[in-house]
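As structure tokens, the structure follows; a few thoughts come after it.
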Amino acid sequence: LMLVMANNFVQLFFGWEAVGLVSYLLIGFWYTRPTAIYANLKAFLVNRVGDLGFLLGIALIQAHFGSLDYATVFQQAPDFARDTIELCGGAPVSLITVICLLLFVGAMGKSAQMPLHVWLPDSMEGPTPISALIHAATMVTAGIFMVSRMSPLFELSPTARSTVLVIGACTALFMAFLGLIQNDIKRVVAYSTLSQLGYMTVALGASAYPVAIFHLGTHAFFKALLFLGAGSVIHAMHHEQDMRKMGGLRRYMPITYVTALIGSLALAGIPPFAGFFSKDAIIEAVRASHLPGSGFASFAVLAGVFVTAFYSFRMLFMTFHGKPRMDHHTREHLHESPWVITLPLIMLAIPSVIAGWIFIGPMVMGDYFGSSITLLPGTGALPEMREAWRGVGPFVVEGVQSLPFWLAISGVALAAAFYLKWTHIPATIARESGAIYTLLDNKYYFDRFNEIFIAGGARCVGRGLWKLGDTKFIDGWIVNGSAQLVGALSTRLRRIQTGYIYHYAFAMIFGVFFLMSLWFIKA
């Protein structure tokens, strides 16, 4: 609430950091598990990288605008549209572009955009209701909200918006690919979250801020539904999360199955479920964009529709259809979850069906957000979409006739063929694909890169500072060196103290002679 209701960057930053702290504590809820502690530390550190960029962006705003109040900054922003600053090499760079990119680095960490996405899949170590809370509706969408709130700044920088567009497109497509090979039911939903956050980011880059917030809202319903549905399955399976040890659960868990089916249909973008409206609106907005990178982004979001439908129904078919693959003891005790689990599923299934119908008109095609979102003339496709709007019915009819719908249907059909009929094909493809499967299985080696170069590099720097800076320079030269110098001087000076009176008398006479000589020279 602090983050969302802030009217200045200081309060926004406090709310931003508090969200990061709370997510750290929630992910590490099972504090006796080493994997949970590793996951929450990873989330905390990756978000600190993003927050550093966010803080630098806020500092630049204070330095040049002289204020951190939203209204003041947004009012002055057009006056700074042509201002430049010098970075490395002395080349002038647009001030607004630098500010927007730094703010977006913060959004990349919080909303898990490549390459700062690595923390989110591991954060599934937290309890499933926590995953549903922070990974469907609150924490990970904070970056999407922030960029939308900063639309008066981002609208002044096509370069920043193009960067947002391309990074969002990469996240939407490449994270969807990773969902294809996951066997942990919660990790499938986690990579789905990453992909859908990419869709929201693409909408931001295309200046379709209301569409991004609209998808944020519909996604909150069906993704929380899928997370809690996965939790219901895990509860029934005695904490087993591997889908290869499930199967045939629909006959034992009919309520969980129906609600999971609704969530999967919404995620795949099948009309008339909620995800169809927001995902189609994003695809339309990107298709009409003329920013550099919009062609790749359009391809990525279209391909992502097919991949999303495939992995979401792969999860559904592996879990609820086919022959039971669990052990005999687990199968004997299978039953529907109690009402405390199924009631939230039913409550979330309802908006997963109707939210798109209700909110697309006022949120996307209407003036729901008022002056809180700024759209400059000619920078986005939203005005064209609003002019072509004829109502929800025609939108659904056009959607059924469009390419995204048939891509989604193809993904569902292919998943049914692979996991209901020809079940031997996925294993054959995984075995024959070789390097591609290895690349996906290792998550594009982002974690290995971070472990070797980022974490390893930090350890090397720390080890060098410890051995050279601390041990050799501070302890060796300054502390021990000063003591050794005093000791060496003392060893030599103590020889002056002989104990003979005539030595001291001679020294006194010599001193008096020396002082008189100086006096005569000055005189």
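Residue numbering restarts at 1 in every chain; chains get A, B, ... in the order shown in the structure tokens, and ligands count up from 1 in that same order.
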Hey, what's within 8 Å of stretch 49-51 of chain A if we count only C-alpha atoms and toss same-chain stuff fewer than 5 positions away? As a PyMOL selection string, please?
chain A and resi 105-110+116
For this session: Name the residues in contact with stretch 302-312 of chain A at a cut-off of 6 Å, using only C-alpha atoms, excluding same-chain residues fewer than 2 positions from it; report them as a PyMOL selection string.
Result: chain A and resi 173+180+264+268+299-300+314-315+407-408+411-412+415
Grab the residues selected above and save them as an mmCIF file, in the first residue's frame with C-alpha atoms.
data_model
loop_
_atom_site.group_PDB
_atom_site.id
_atom_site.type_symbol
_atom_site.label_atom_id
_atom_site.label_comp_id
_atom_site.auth_asym_id
_atom_site.auth_seq_id
_atom_site.Cartn_x
_atom_site.Cartn_y
_atom_site.Cartn_z
ATOM 1 C CA LEU A 173 9.515 -16.129 -25.087
ATOM 2 C CA LEU A 180 8.284 -26.903 -21.432
ATOM 3 C CA SER A 264 -5.076 -23.208 -17.683
ATOM 4 C CA ALA A 268 -3.503 -20.117 -22.600
ATOM 5 C CA PHE A 299 7.057 -12.511 -33.131
ATOM 6 C CA ALA A 300 7.965 -13.298 -29.512
ATOM 7 C CA ARG A 314 1.144 -30.346 -20.461
ATOM 8 C CA MET A 315 0.982 -29.620 -16.739
ATOM 9 C CA LEU A 407 -1.869 -20.835 -32.073
ATOM 10 C CA ALA A 408 -3.317 -21.411 -28.594
ATOM 11 C CA GLY A 411 -0.642 -25.717 -28.415
ATOM 12 C CA VAL A 412 -3.469 -27.418 -26.516
ATOM 13 C CA ALA A 415 -0.044 -31.169 -25.616
#
Leaving out A:Phe395 and any residue of its chain fewer than 4 positions from it, which residues lie within 12 Å of it when counting only C-alpha atoms, given as JSON, numbers by chain?
{"A": [271, 272, 276, 277, 278, 280, 281, 284, 356, 357, 360, 361, 365, 385, 386, 388, 389, 390, 391, 399, 400, 401, 402]}
(message) Rounded to one decimal, what separation in Å do you get between atom CA of A:Thr319 and atom CA of A:Glu432?
(response)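 Value for the atom CA of A:Thr319-atom CA of A:Glu432 distance: 24.7 Å.
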Would you kindly return, as a ChimeraX atom specification, each protein, DNA or RNA residue with an atom no farther than 12 Å from any atom of A:His290, considering only C-alpha atoms and excluding same-chain residues fewer than 3 positions away?
/A:158,161-162,165,205-207,285-287,293-298,378-381
Would you mind exporting N, CA, C and O atoms of the selected residues as a PDB file, in the first residue's frame?
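Produced file out-v1.pdb, reproduced below:
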ATOM      1  N   PRO A 158      11.943   7.320 -26.472  1.00  0.00           N
ATOM      2  CA  PRO A 158      11.725   6.139 -27.319  1.00  0.00           C
ATOM      3  C   PRO A 158      12.806   5.076 -27.123  1.00  0.00           C
ATOM      4  O   PRO A 158      12.520   3.881 -27.223  1.00  0.00           O
ATOM      5  N   ARG A 161      11.873   3.050 -24.063  1.00  0.00           N
ATOM      6  CA  ARG A 161      10.716   2.201 -24.333  1.00  0.00           C
ATOM      7  C   ARG A 161      11.084   1.046 -25.259  1.00  0.00           C
ATOM      8  O   ARG A 161      10.579  -0.071 -25.106  1.00  0.00           O
ATOM      9  N   SER A 162      11.964   1.299 -26.210  1.00  0.00           N
ATOM     10  CA  SER A 162      12.418   0.217 -27.093  1.00  0.00           C
ATOM     11  C   SER A 162      13.196  -0.835 -26.313  1.00  0.00           C
ATOM     12  O   SER A 162      13.034  -2.050 -26.538  1.00  0.00           O
ATOM     13  N   LEU A 165      10.737  -2.863 -24.400  1.00  0.00           N
ATOM     14  CA  LEU A 165      10.016  -3.748 -25.325  1.00  0.00           C
ATOM     15  C   LEU A 165      10.813  -5.010 -25.619  1.00  0.00           C
ATOM     16  O   LEU A 165      10.300  -6.133 -25.545  1.00  0.00           O
ATOM     17  N   GLY A 205       6.523  -1.288 -23.030  1.00  0.00           N
ATOM     18  CA  GLY A 205       7.386  -0.764 -24.086  1.00  0.00           C
ATOM     19  C   GLY A 205       6.603  -0.233 -25.271  1.00  0.00           C
ATOM     20  O   GLY A 205       7.049   0.701 -25.950  1.00  0.00           O
ATOM     21  N   ALA A 206       5.428  -0.810 -25.527  1.00  0.00           N
ATOM     22  CA  ALA A 206       4.590  -0.362 -26.638  1.00  0.00           C
ATOM     23  C   ALA A 206       3.686   0.801 -26.247  1.00  0.00           C
ATOM     24  O   ALA A 206       2.765   1.150 -27.004  1.00  0.00           O
ATOM     25  N   SER A 207       3.935   1.407 -25.087  1.00  0.00           N
ATOM     26  CA  SER A 207       3.145   2.539 -24.565  1.00  0.00           C
ATOM     27  C   SER A 207       1.703   2.153 -24.256  1.00  0.00           C
ATOM     28  O   SER A 207       0.837   3.018 -24.157  1.00  0.00           O
ATOM     29  N   ALA A 285      -1.431  -4.297 -29.456  1.00  0.00           N
ATOM     30  CA  ALA A 285      -0.643  -3.096 -29.187  1.00  0.00           C
ATOM     31  C   ALA A 285       0.766  -3.215 -29.748  1.00  0.00           C
ATOM     32  O   ALA A 285       1.311  -2.268 -30.326  1.00  0.00           O
ATOM     33  N   VAL A 286       1.379  -4.383 -29.598  1.00  0.00           N
ATOM     34  CA  VAL A 286       2.740  -4.577 -30.101  1.00  0.00           C
ATOM     35  C   VAL A 286       2.755  -4.599 -31.617  1.00  0.00           C
ATOM     36  O   VAL A 286       3.666  -4.053 -32.258  1.00  0.00           O
ATOM     37  N   ARG A 287       1.738  -5.201 -32.218  1.00  0.00           N
ATOM     38  CA  ARG A 287       1.677  -5.281 -33.673  1.00  0.00           C
ATOM     39  C   ARG A 287       1.608  -3.890 -34.297  1.00  0.00           C
ATOM     40  O   ARG A 287       2.146  -3.650 -35.385  1.00  0.00           O
ATOM     41  N   GLY A 293      12.714  -2.819 -32.675  1.00  0.00           N
ATOM     42  CA  GLY A 293      12.538  -4.048 -31.901  1.00  0.00           C
ATOM     43  C   GLY A 293      11.112  -4.528 -31.839  1.00  0.00           C
ATOM     44  O   GLY A 293      10.836  -5.614 -31.318  1.00  0.00           O
ATOM     45  N   SER A 294      10.159  -3.745 -32.389  1.00  0.00           N
ATOM     46  CA  SER A 294       8.751  -4.143 -32.311  1.00  0.00           C
ATOM     47  C   SER A 294       8.470  -5.374 -33.160  1.00  0.00           C
ATOM     48  O   SER A 294       7.578  -6.173 -32.826  1.00  0.00           O
ATOM     49  N   GLY A 295       9.216  -5.564 -34.259  1.00  0.00           N
ATOM     50  CA  GLY A 295       9.033  -6.757 -35.084  1.00  0.00           C
ATOM     51  C   GLY A 295       9.381  -8.027 -34.325  1.00  0.00           C
ATOM     52  O   GLY A 295       8.628  -9.010 -34.334  1.00  0.00           O
ATOM     53  N   PHE A 296      10.534  -7.996 -33.639  1.00  0.00           N
ATOM     54  CA  PHE A 296      10.927  -9.148 -32.818  1.00  0.00           C
ATOM     55  C   PHE A 296       9.945  -9.360 -31.680  1.00  0.00           C
ATOM     56  O   PHE A 296       9.565 -10.503 -31.371  1.00  0.00           O
ATOM     57  N   ALA A 297       9.501  -8.272 -31.065  1.00  0.00           N
ATOM     58  CA  ALA A 297       8.560  -8.390 -29.949  1.00  0.00           C
ATOM     59  C   ALA A 297       7.241  -8.998 -30.415  1.00  0.00           C
ATOM     60  O   ALA A 297       6.646  -9.836 -29.727  1.00  0.00           O
ATOM     61  N   SER A 298       6.777  -8.607 -31.603  1.00  0.00           N
ATOM     62  CA  SER A 298       5.540  -9.160 -32.140  1.00  0.00           C
ATOM     63  C   SER A 298       5.664 -10.662 -32.374  1.00  0.00           C
ATOM     64  O   SER A 298       4.768 -11.445 -32.037  1.00  0.00           O
ATOM     65  N   GLY A 378       0.800   9.944 -30.783  1.00  0.00           N
ATOM     66  CA  GLY A 378       1.660   9.280 -31.762  1.00  0.00           C
ATOM     67  C   GLY A 378       2.675   8.323 -31.185  1.00  0.00           C
ATOM     68  O   GLY A 378       3.531   7.832 -31.926  1.00  0.00           O
ATOM     69  N   THR A 379       2.637   8.022 -29.888  1.00  0.00           N
ATOM     70  CA  THR A 379       3.651   7.141 -29.307  1.00  0.00           C
ATOM     71  C   THR A 379       3.176   5.716 -29.082  1.00  0.00           C
ATOM     72  O   THR A 379       3.957   4.860 -28.708  1.00  0.00           O
ATOM     73  N   GLY A 380       1.901   5.432 -29.268  1.00  0.00           N
ATOM     74  CA  GLY A 380       1.412   4.086 -29.018  1.00  0.00           C
ATOM     75  C   GLY A 380       0.191   3.765 -29.857  1.00  0.00           C
ATOM     76  O   GLY A 380      -0.370   4.626 -30.549  1.00  0.00           O
ATOM     77  N   ALA A 381      -0.211   2.505 -29.781  1.00  0.00           N
ATOM     78  CA  ALA A 381      -1.331   2.029 -30.593  1.00  0.00           C
ATOM     79  C   ALA A 381      -2.661   2.142 -29.866  1.00  0.00           C
ATOM     80  O   ALA A 381      -3.700   1.832 -30.453  1.00  0.00           O
TER      81      ALA A 381
END
Which residues, written as a count of residues only, have at least one atom at most 7 Å from A:Gly275, with only C-alpha atoms counted and residues fewer than 3 positions away on the same chain left out?
7
So what do you get for atom CA of A:Phe145 versus atom CA of A:Val188, distance-wise?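 Value for the atom CA of A:Phe145-atom CA of A:Val188 distance: 24.4 Å.
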field: Residue contacts of stretch 151-155 of chain A (6 Å, only C-alpha atoms) excluding same-chain residues fewer than 5 positions away, as a list in words
entry: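 The residues that qualify are Phe74, Ile373 and Thr374 of chain A.
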I'd like the neighbourhood of A:Ala112 as a list in words, where a residue qualifies if any of its atoms comes within 9 Å (using only C-alpha atoms), though same-chain residues fewer than 6 positions away should be ignored. Asn47, Val118, Trp119, Leu120, Val140, Gly143, Thr171, Leu194, Leu197 and Gly198 of chain A
**Study point:** alpha helix (DSSP H) per DSSP on the backbone: members of stretch 267-478 of chain A, as a PyMOL selection string
**Key:** chain A and resi 267-268+274-287+294-320+328-332+339-359+382-388+392-400+403-416+425-433+435-441+446-449+456-464
